[in-house]
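Novice: The structure that follows is given in the form of structure tokens.
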Amino acid sequence: MRSTRLILLIICLGLAAPAAAGAEPFFPHTGDSRLDVEHYQVSVSYRPETGGIRVRDRIAIRATRTLRRFSLDLNGMRVGAVSVKGEAAPYRRTPGKLVIEPKEPIPAGDRFVVSLHYAGVPKPVVDPDGTLEGWIRTDDGAVALGEPQGTQAWLACNNVPGDKATFVIQVIVPIPLVAISNGRQVQGYLDGRLRRFRWREDSPMSPYLAMLDIGRGQTVKSTIAGRPFWTLIDPRLERRSRPVLAALPEVIRFESGLFGAYPFKAAGSVVDVAPKVGYALETQSRPFYPYVPDLTTVVHETAHQWFGDSVGLKRWPEIWLNEGFATWTEWYYAERHGRRSAQAIFVRLYRVPASNEEFWNPPSAHPGTPKHMFGPSVYIRGAMALQALRVKIGTKPMLRLLHDWAVGHRYGSGTIKEFIDLAEEISRRNLDPFFQRWLYRRGKP
Ligand code: ARG
Ligand code: ZN
């Protein structure tokens, strides 16, 4: 009786999660590990009356294995024609997926283009922790945010952090709306009642860092220290946001001094009235704020341009490499700007009693389930781990470690194991017991 139940349970688990080998641990149904996407060229037409979009998506892909069929991630939408290498290709839909079967198998190493059209009303995605992402309507438009799974609400893509590509995102909206996305604006012109805005991100970007914001207002361009900034602030938040965002060039300068040259060709900010979102996001080259940001949040999202965006993740459970680092940077920024030192912050937080399960668990380096990926043990306990490391190896080696990490993995991705190896190399110490205690073991370290 017992063993049949056990066997049934194992079978059921197997059916519930037919994860392919090499699948993303937190979201085993997303991504196709045999694809290496090189470029997305997207055009999105938005209709305010219905909230609907029509999308043309051209994706340049390299096959890393022979492909008889392959899948892209896409939620809902009515898919029209799909072609592979210019030839119509049959496809089918499963939840969150578009499975495409090219006429001929695609040999490993081949480069090919998939073209597709689809339309529909894109939807928000509810995260395992109850927060919202995906396509979120605002009172004057919409915002698309993708961490960790939301981009597939509007863009058919290979939705895993490790598959970075360049992007051209064009958005067509009726007057008087405007649209902003990642990277540089390469075109924005009128076409009758419609306005077309084209944005281009030339540095490799994970799909989850793609952003699109549609609303009223004016995109403002400025050039600071030779770098173009594009900023869109909802007119209602403009007066209060401007003075905070005025610090962005200094924040970039400060962080470049620590972590190496700012990684992207453009910078800027998007501030919109999006109360349902409730969090800021480090969308590549141009973070998104759903309310008037404060300086600490600007410092945090800007630090992510190095840790998260330029140095990406291979797997979501290693999110500490993003959030622990961006949070520690907040503390160090405060310290170097005449406020409380990072160590003072650490000492105060270390008083949190061991009985506070929520605070100390799960351990920062394996949040266990996606429900905890944005929890305090990843952010705060995670930043404490870096501060404890700084105290152990010294400030100079610590800063060298962060710098070499950012420079060594620029435009790529890293793993916690690689970070530990680098820390040991730079400090010339065996740090295994230290990292075990601070990153992997449950409870207060
Ligand atoms: N990475 C964001 C930050 O800067 C938080 C994202 C939260 N995402 C979510 N779906 N709750 O901390
Ligand atoms: Zn963050």
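Residues in the structure tokens are numbered from 1 in each chain, the chains being A, B, ... in the order shown, and ligands are numbered from 1 in the order shown.
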Could you give me the residues within 8 Å of ligand 2, counting only C-alpha atoms and all ligand atoms, as a PDB file with all heavy atoms, in the first residue's frame?
Specialist:
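Generated file (pocket.pdb):
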ATOM      1  N   ALA A 280      10.534  48.513  -8.044  1.00  0.00           N
ATOM      2  CA  ALA A 280      11.319  49.054  -9.147  1.00  0.00           C
ATOM      3  C   ALA A 280      12.024  47.890  -9.833  1.00  0.00           C
ATOM      4  O   ALA A 280      12.188  46.815  -9.239  1.00  0.00           O
ATOM      5  CB  ALA A 280      12.332  50.062  -8.623  1.00  0.00           C
ATOM      6  N   LEU A 281      12.421  48.085 -11.078  1.00  0.00           N
ATOM      7  CA  LEU A 281      13.072  46.988 -11.803  1.00  0.00           C
ATOM      8  C   LEU A 281      14.237  47.516 -12.627  1.00  0.00           C
ATOM      9  O   LEU A 281      14.143  48.565 -13.265  1.00  0.00           O
ATOM     10  CB  LEU A 281      12.050  46.282 -12.696  1.00  0.00           C
ATOM     11  CG  LEU A 281      12.533  44.978 -13.333  1.00  0.00           C
ATOM     12  CD1 LEU A 281      12.889  43.932 -12.282  1.00  0.00           C
ATOM     13  CD2 LEU A 281      11.475  44.412 -14.282  1.00  0.00           C
ATOM     14  N   GLU A 282      15.316  46.709 -12.646  1.00  0.00           N
ATOM     15  CA  GLU A 282      16.572  47.109 -13.287  1.00  0.00           C
ATOM     16  C   GLU A 282      16.574  46.846 -14.788  1.00  0.00           C
ATOM     17  O   GLU A 282      17.536  46.326 -15.333  1.00  0.00           O
ATOM     18  CB  GLU A 282      17.731  46.371 -12.622  1.00  0.00           C
ATOM     19  CG  GLU A 282      17.738  44.842 -12.786  1.00  0.00           C
ATOM     20  CD  GLU A 282      17.042  44.078 -11.664  1.00  0.00           C
ATOM     21  OE1 GLU A 282      16.126  44.629 -11.033  1.00  0.00           O
ATOM     22  OE2 GLU A 282      17.429  42.914 -11.433  1.00  0.00           O
ATOM     23  N   HIS A 300      20.364  51.219  -6.077  1.00  0.00           N
ATOM     24  CA  HIS A 300      20.152  49.774  -6.194  1.00  0.00           C
ATOM     25  C   HIS A 300      19.951  49.357  -7.657  1.00  0.00           C
ATOM     26  O   HIS A 300      20.648  48.466  -8.165  1.00  0.00           O
ATOM     27  CB  HIS A 300      18.935  49.391  -5.337  1.00  0.00           C
ATOM     28  CG  HIS A 300      18.588  47.947  -5.352  1.00  0.00           C
ATOM     29  ND1 HIS A 300      18.836  47.102  -4.283  1.00  0.00           N
ATOM     30  CD2 HIS A 300      18.002  47.162  -6.304  1.00  0.00           C
ATOM     31  CE1 HIS A 300      18.421  45.884  -4.578  1.00  0.00           C
ATOM     32  NE2 HIS A 300      17.903  45.891  -5.800  1.00  0.00           N
ATOM     33  N   GLU A 301      19.024  50.006  -8.343  1.00  0.00           N
ATOM     34  CA  GLU A 301      18.732  49.607  -9.733  1.00  0.00           C
ATOM     35  C   GLU A 301      19.924  49.892 -10.646  1.00  0.00           C
ATOM     36  O   GLU A 301      20.166  49.164 -11.606  1.00  0.00           O
ATOM     37  CB  GLU A 301      17.476  50.316 -10.257  1.00  0.00           C
ATOM     38  CG  GLU A 301      16.208  50.120  -9.411  1.00  0.00           C
ATOM     39  CD  GLU A 301      15.919  48.682  -9.025  1.00  0.00           C
ATOM     40  OE1 GLU A 301      16.304  47.758  -9.763  1.00  0.00           O
ATOM     41  OE2 GLU A 301      15.300  48.481  -7.958  1.00  0.00           O
ATOM     42  N   HIS A 304      22.457  47.200 -10.380  1.00  0.00           N
ATOM     43  CA  HIS A 304      22.051  46.027 -11.169  1.00  0.00           C
ATOM     44  C   HIS A 304      22.520  46.113 -12.627  1.00  0.00           C
ATOM     45  O   HIS A 304      22.582  45.094 -13.304  1.00  0.00           O
ATOM     46  CB  HIS A 304      20.529  45.911 -11.199  1.00  0.00           C
ATOM     47  CG  HIS A 304      19.926  45.194 -10.033  1.00  0.00           C
ATOM     48  ND1 HIS A 304      20.354  43.959  -9.605  1.00  0.00           N
ATOM     49  CD2 HIS A 304      18.871  45.525  -9.230  1.00  0.00           C
ATOM     50  CE1 HIS A 304      19.589  43.576  -8.577  1.00  0.00           C
ATOM     51  NE2 HIS A 304      18.689  44.505  -8.332  1.00  0.00           N
ATOM     52  N   ASN A 322      22.506  38.881  -8.013  1.00  0.00           N
ATOM     53  CA  ASN A 322      21.907  40.170  -8.376  1.00  0.00           C
ATOM     54  C   ASN A 322      21.548  40.981  -7.135  1.00  0.00           C
ATOM     55  O   ASN A 322      22.000  42.096  -6.942  1.00  0.00           O
ATOM     56  CB  ASN A 322      20.605  39.977  -9.176  1.00  0.00           C
ATOM     57  CG  ASN A 322      20.810  39.349 -10.539  1.00  0.00           C
ATOM     58  OD1 ASN A 322      21.919  38.983 -10.904  1.00  0.00           O
ATOM     59  ND2 ASN A 322      19.736  39.215 -11.291  1.00  0.00           N
ATOM     60  N   GLU A 323      20.698  40.396  -6.300  1.00  0.00           N
ATOM     61  CA  GLU A 323      20.069  41.194  -5.239  1.00  0.00           C
ATOM     62  C   GLU A 323      20.987  41.456  -4.050  1.00  0.00           C
ATOM     63  O   GLU A 323      20.963  42.537  -3.472  1.00  0.00           O
ATOM     64  CB  GLU A 323      18.760  40.538  -4.790  1.00  0.00           C
ATOM     65  CG  GLU A 323      17.727  40.370  -5.921  1.00  0.00           C
ATOM     66  CD  GLU A 323      17.386  41.671  -6.644  1.00  0.00           C
ATOM     67  OE1 GLU A 323      17.704  42.752  -6.121  1.00  0.00           O
ATOM     68  OE2 GLU A 323      16.801  41.598  -7.746  1.00  0.00           O
ATOM     69  N   GLY A 324      21.803  40.463  -3.680  1.00  0.00           N
ATOM     70  CA  GLY A 324      22.740  40.687  -2.588  1.00  0.00           C
ATOM     71  C   GLY A 324      23.720  41.801  -2.959  1.00  0.00           C
ATOM     72  O   GLY A 324      24.024  42.679  -2.149  1.00  0.00           O
ATOM     73  N   ALA A 326      23.370  44.261  -5.319  1.00  0.00           N
ATOM     74  CA  ALA A 326      22.749  45.594  -5.460  1.00  0.00           C
ATOM     75  C   ALA A 326      22.430  46.176  -4.081  1.00  0.00           C
ATOM     76  O   ALA A 326      22.565  47.379  -3.853  1.00  0.00           O
ATOM     77  CB  ALA A 326      21.493  45.504  -6.321  1.00  0.00           C
ATOM     78  N   THR A 327      22.040  45.325  -3.135  1.00  0.00           N
ATOM     79  CA  THR A 327      21.722  45.819  -1.792  1.00  0.00           C
ATOM     80  C   THR A 327      22.996  46.241  -1.052  1.00  0.00           C
ATOM     81  O   THR A 327      23.038  47.288  -0.413  1.00  0.00           O
ATOM     82  CB  THR A 327      20.944  44.742  -1.003  1.00  0.00           C
ATOM     83  OG1 THR A 327      19.792  44.365  -1.765  1.00  0.00           O
ATOM     84  CG2 THR A 327      20.504  45.258   0.355  1.00  0.00           C
ATOM     85  N   TYR A 379      18.016  39.382  -0.321  1.00  0.00           N
ATOM     86  CA  TYR A 379      18.462  40.784  -0.372  1.00  0.00           C
ATOM     87  C   TYR A 379      19.325  41.153   0.836  1.00  0.00           C
ATOM     88  O   TYR A 379      20.446  41.627   0.696  1.00  0.00           O
ATOM     89  CB  TYR A 379      17.249  41.727  -0.393  1.00  0.00           C
ATOM     90  CG  TYR A 379      16.548  41.848  -1.716  1.00  0.00           C
ATOM     91  CD1 TYR A 379      15.864  40.774  -2.275  1.00  0.00           C
ATOM     92  CD2 TYR A 379      16.531  43.054  -2.403  1.00  0.00           C
ATOM     93  CE1 TYR A 379      15.191  40.901  -3.478  1.00  0.00           C
ATOM     94  CE2 TYR A 379      15.855  43.184  -3.614  1.00  0.00           C
ATOM     95  CZ  TYR A 379      15.187  42.105  -4.148  1.00  0.00           C
ATOM     96  OH  TYR A 379      14.524  42.235  -5.332  1.00  0.00           O
TER      97      TYR A 379
END
Novice: Could you give me, as JSON, numbers by chain, each residue of segment 197-339 of chain A that DSSP assigns to alpha helix (DSSP H) when run on this structure's backbone?
Specialist: {"A": [238, 239, 240, 241, 242, 243, 244, 245, 248, 249, 250, 251, 252, 253, 254, 255, 256, 257, 258, 259, 295, 296, 297, 298, 299, 300, 301, 302, 303, 304, 305, 306, 320, 321, 322, 323, 324, 325, 326, 327, 328, 329, 330, 331, 332, 333, 334, 335, 336]}
Novice: Quick one: write out the picked residues with N, CA and C atoms as a tab-separated table (two decimals), in the first residue's frame?
Specialist:
chain	number	residue	atom	x	y	z
A	238	GLU	N	6.46	64.14	-12.24
A	238	GLU	CA	7.67	64.79	-12.74
A	238	GLU	C	8.34	65.70	-11.70
A	239	ARG	N	7.57	66.55	-11.08
A	239	ARG	CA	8.16	67.56	-10.18
A	239	ARG	C	8.92	66.88	-9.04
A	240	ARG	N	8.37	65.80	-8.51
A	240	ARG	CA	9.02	65.14	-7.37
A	240	ARG	C	10.13	64.18	-7.79
A	241	SER	N	10.04	63.67	-9.03
A	241	SER	CA	11.06	62.69	-9.47
A	241	SER	C	12.35	63.35	-9.94
A	242	ARG	N	12.20	64.50	-10.60
A	242	ARG	CA	13.38	65.16	-11.20
A	242	ARG	C	14.56	65.32	-10.25
A	243	PRO	N	14.32	65.89	-9.04
A	243	PRO	CA	15.49	66.11	-8.16
A	243	PRO	C	16.19	64.79	-7.78
A	244	VAL	N	15.44	63.71	-7.65
A	244	VAL	CA	16.05	62.42	-7.29
A	244	VAL	C	16.86	61.90	-8.48
A	245	LEU	N	16.23	61.93	-9.66
A	245	LEU	CA	16.91	61.38	-10.85
A	245	LEU	C	18.09	62.24	-11.29
A	248	LEU	N	21.39	60.59	-10.88
A	248	LEU	CA	21.79	59.39	-11.64
A	248	LEU	C	23.20	59.49	-12.25
A	249	PRO	N	23.56	60.61	-12.89
A	249	PRO	CA	24.93	60.66	-13.43
A	249	PRO	C	26.00	60.45	-12.36
A	250	GLU	N	25.79	61.00	-11.18
A	250	GLU	CA	26.76	60.82	-10.10
A	250	GLU	C	26.76	59.37	-9.63
A	251	VAL	N	25.59	58.75	-9.55
A	251	VAL	CA	25.51	57.34	-9.14
A	251	VAL	C	26.26	56.47	-10.15
A	252	ILE	N	26.06	56.76	-11.42
A	252	ILE	CA	26.76	55.98	-12.45
A	252	ILE	C	28.27	56.19	-12.34
A	253	ARG	N	28.67	57.43	-12.10
A	253	ARG	CA	30.10	57.72	-11.96
A	253	ARG	C	30.68	56.96	-10.76
A	254	PHE	N	29.98	57.02	-9.64
A	254	PHE	CA	30.43	56.35	-8.42
A	254	PHE	C	30.58	54.84	-8.65
A	255	GLU	N	29.55	54.25	-9.24
A	255	GLU	CA	29.57	52.79	-9.43
A	255	GLU	C	30.58	52.39	-10.51
A	256	SER	N	30.76	53.23	-11.54
A	256	SER	CA	31.79	52.93	-12.55
A	256	SER	C	33.17	52.92	-11.90
A	257	GLY	N	33.37	53.82	-10.95
A	257	GLY	CA	34.65	53.86	-10.24
A	257	GLY	C	34.91	52.58	-9.49
A	258	LEU	N	33.84	51.93	-9.03
A	258	LEU	CA	34.00	50.68	-8.28
A	258	LEU	C	34.05	49.45	-9.18
A	259	PHE	N	33.11	49.39	-10.11
A	259	PHE	CA	32.86	48.12	-10.83
A	259	PHE	C	33.36	48.12	-12.28
A	295	LEU	N	16.58	57.94	-3.57
A	295	LEU	CA	17.96	57.80	-4.03
A	295	LEU	C	18.48	56.37	-3.82
A	296	THR	N	18.12	55.75	-2.70
A	296	THR	CA	18.61	54.40	-2.42
A	296	THR	C	18.15	53.42	-3.49
A	297	THR	N	16.91	53.58	-3.94
A	297	THR	CA	16.41	52.69	-4.99
A	297	THR	C	17.14	52.94	-6.32
A	298	VAL	N	17.43	54.21	-6.60
A	298	VAL	CA	18.19	54.52	-7.82
A	298	VAL	C	19.58	53.88	-7.74
A	299	VAL	N	20.21	53.96	-6.57
A	299	VAL	CA	21.53	53.34	-6.39
A	299	VAL	C	21.42	51.83	-6.61
A	300	HIS	N	20.36	51.22	-6.08
A	300	HIS	CA	20.15	49.77	-6.19
A	300	HIS	C	19.95	49.36	-7.66
A	301	GLU	N	19.02	50.01	-8.34
A	301	GLU	CA	18.73	49.61	-9.73
A	301	GLU	C	19.92	49.89	-10.65
A	302	THR	N	20.67	50.95	-10.34
A	302	THR	CA	21.84	51.26	-11.15
A	302	THR	C	22.94	50.22	-10.92
A	303	ALA	N	23.11	49.77	-9.67
A	303	ALA	CA	24.09	48.72	-9.40
A	303	ALA	C	23.75	47.45	-10.18
A	304	HIS	N	22.46	47.20	-10.38
A	304	HIS	CA	22.05	46.03	-11.17
A	304	HIS	C	22.52	46.11	-12.63
A	305	GLN	N	22.82	47.32	-13.11
A	305	GLN	CA	23.29	47.40	-14.50
A	305	GLN	C	24.58	46.59	-14.64
A	306	TRP	N	25.38	46.55	-13.56
A	306	TRP	CA	26.56	45.68	-13.56
A	306	TRP	C	26.19	44.26	-13.10
A	320	TRP	N	20.87	35.65	-5.74
A	320	TRP	CA	21.72	36.37	-4.78
A	320	TRP	C	22.79	37.21	-5.49
A	321	LEU	N	23.32	36.68	-6.61
A	321	LEU	CA	24.34	37.41	-7.37
A	321	LEU	C	23.81	38.76	-7.86
A	322	ASN	N	22.51	38.88	-8.01
A	322	ASN	CA	21.91	40.17	-8.38
A	322	ASN	C	21.55	40.98	-7.14
A	323	GLU	N	20.70	40.40	-6.30
A	323	GLU	CA	20.07	41.19	-5.24
A	323	GLU	C	20.99	41.46	-4.05
A	324	GLY	N	21.80	40.46	-3.68
A	324	GLY	CA	22.74	40.69	-2.59
A	324	GLY	C	23.72	41.80	-2.96
A	325	PHE	N	24.17	41.81	-4.21
A	325	PHE	CA	25.18	42.77	-4.66
A	325	PHE	C	24.59	44.17	-4.77
A	326	ALA	N	23.37	44.26	-5.32
A	326	ALA	CA	22.75	45.59	-5.46
A	326	ALA	C	22.43	46.18	-4.08
A	327	THR	N	22.04	45.33	-3.13
A	327	THR	CA	21.72	45.82	-1.79
A	327	THR	C	23.00	46.24	-1.05
A	328	TRP	N	24.06	45.45	-1.18
A	328	TRP	CA	25.32	45.84	-0.55
A	328	TRP	C	25.81	47.17	-1.12
A	329	THR	N	25.61	47.39	-2.42
A	329	THR	CA	26.04	48.65	-3.04
A	329	THR	C	25.29	49.84	-2.43
A	330	GLU	N	24.00	49.65	-2.08
A	330	GLU	CA	23.27	50.72	-1.38
A	330	GLU	C	24.02	51.11	-0.11
A	331	TRP	N	24.43	50.10	0.64
A	331	TRP	CA	25.09	50.35	1.93
A	331	TRP	C	26.43	51.05	1.73
A	332	TYR	N	27.17	50.58	0.76
A	332	TYR	CA	28.50	51.15	0.53
A	332	TYR	C	28.38	52.58	0.00
A	333	TYR	N	27.37	52.83	-0.81
A	333	TYR	CA	27.12	54.18	-1.32
A	333	TYR	C	26.85	55.12	-0.14
A	334	ALA	N	26.00	54.68	0.78
A	334	ALA	CA	25.69	55.50	1.96
A	334	ALA	C	26.97	55.79	2.74
A	335	GLU	N	27.76	54.75	2.96
A	335	GLU	CA	29.02	54.90	3.70
A	335	GLU	C	29.93	55.95	3.07
A	336	ARG	N	30.07	55.89	1.76
A	336	ARG	CA	30.98	56.80	1.07
A	336	ARG	C	30.39	58.18	0.84
Novice: Record the distance separating atom CA of Val160 of chain A and atom CA of Met205 of chain A, expressed in Å with one decimal.
Specialist: 10.8 Å
Novice: Within 9 Å of segment 45-60 of chain A, counting only C-alpha atoms, which residues show up once you throw out same-chain ones fewer than 3 positions away? Write them as a VMD selection string, please.
Specialist: chain A and resid 36 to 42 111 to 122 137 140 to 142 154 to 157 170 to 174 196 214
Novice: Excluding Pro124 of chain A and its own-chain neighbours fewer than 5 positions away, which residues fall within 9 Å of it when counting only C-alpha atoms? Please give them as a ChimeraX atom specification.
Specialist: /A:132-137,144,150,153
Novice: May I have the selected residues written with N, CA, C and O atoms, as an mmCIF file, in the first residue's frame?
Specialist:
data_model
loop_
_atom_site.group_PDB
_atom_site.id
_atom_site.type_symbol
_atom_site.label_atom_id
_atom_site.label_comp_id
_atom_site.auth_asym_id
_atom_site.auth_seq_id
_atom_site.Cartn_x
_atom_site.Cartn_y
_atom_site.Cartn_z
ATOM 1 N N LEU A 132 2.991 41.190 -9.290
ATOM 2 C CA LEU A 132 2.570 41.232 -10.697
ATOM 3 C C LEU A 132 3.708 41.617 -11.619
ATOM 4 O O LEU A 132 4.505 42.485 -11.304
ATOM 5 N N GLU A 133 3.736 40.998 -12.777
ATOM 6 C CA GLU A 133 4.644 41.418 -13.850
ATOM 7 C C GLU A 133 3.958 41.133 -15.169
ATOM 8 O O GLU A 133 2.746 40.991 -15.215
ATOM 9 N N GLY A 134 4.741 41.050 -16.249
ATOM 10 C CA GLY A 134 4.115 40.829 -17.545
ATOM 11 C C GLY A 134 3.610 42.138 -18.115
ATOM 12 O O GLY A 134 4.279 43.155 -18.008
ATOM 13 N N TRP A 135 2.419 42.114 -18.690
ATOM 14 C CA TRP A 135 1.852 43.318 -19.305
ATOM 15 C C TRP A 135 0.847 43.905 -18.327
ATOM 16 O O TRP A 135 -0.151 43.270 -18.005
ATOM 17 N N ILE A 136 1.112 45.103 -17.845
ATOM 18 C CA ILE A 136 0.268 45.700 -16.818
ATOM 19 C C ILE A 136 -0.291 47.018 -17.333
ATOM 20 O O ILE A 136 0.460 47.905 -17.757
ATOM 21 N N ARG A 137 -1.608 47.129 -17.325
ATOM 22 C CA ARG A 137 -2.214 48.368 -17.824
ATOM 23 C C ARG A 137 -2.103 49.468 -16.778
ATOM 24 O O ARG A 137 -2.188 49.220 -15.586
ATOM 25 N N ALA A 144 5.341 46.983 -19.575
ATOM 26 C CA ALA A 144 5.706 45.566 -19.659
ATOM 27 C C ALA A 144 6.987 45.350 -18.870
ATOM 28 O O ALA A 144 7.997 46.004 -19.134
ATOM 29 N N GLY A 150 7.831 37.547 -17.011
ATOM 30 C CA GLY A 150 6.776 38.343 -17.635
ATOM 31 C C GLY A 150 6.933 38.670 -19.107
ATOM 32 O O GLY A 150 5.953 39.006 -19.769
ATOM 33 N N ALA A 153 4.595 37.533 -21.847
ATOM 34 C CA ALA A 153 3.222 38.042 -21.928
ATOM 35 C C ALA A 153 3.007 38.826 -23.220
ATOM 36 O O ALA A 153 1.886 38.954 -23.686
#
Novice: For ligand 1, which of A:Lys221, A:Lys276, A:Arg69, A:Arg340 is the closest residue, counting only C-alpha atoms and all ligand atoms?
Specialist: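 For ligand 1, the nearest of the candidates is A:Lys276.
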Novice: Compare A:Ala383, A:Val126, A:Leu402, A:Val82 by their minimum atom-to-atom distance to ligand 1, counting only C-alpha atoms and all ligand atoms, and give me the closest one.
Specialist: A:Val126
Novice: Within 10 Å of Pro263 of chain A, counting only C-alpha atoms, which residues qualify if same-chain residues fewer than 5 places away don't, as JSON, numbers by chain?
Specialist: {"A": [203, 256, 284, 285, 305, 306, 309, 310, 311, 406, 407, 410, 411]}
Novice: With a distance cut-off of 10 Å and only C-alpha atoms, select the neighbouring residues of Pro207 of chain A, excluding the residue or stretch itself and same-chain residues fewer than 4 positions from it, and output the selection as number ranges by chain.
Specialist: A: 40, 145-152, 155-167, 211, 283-284
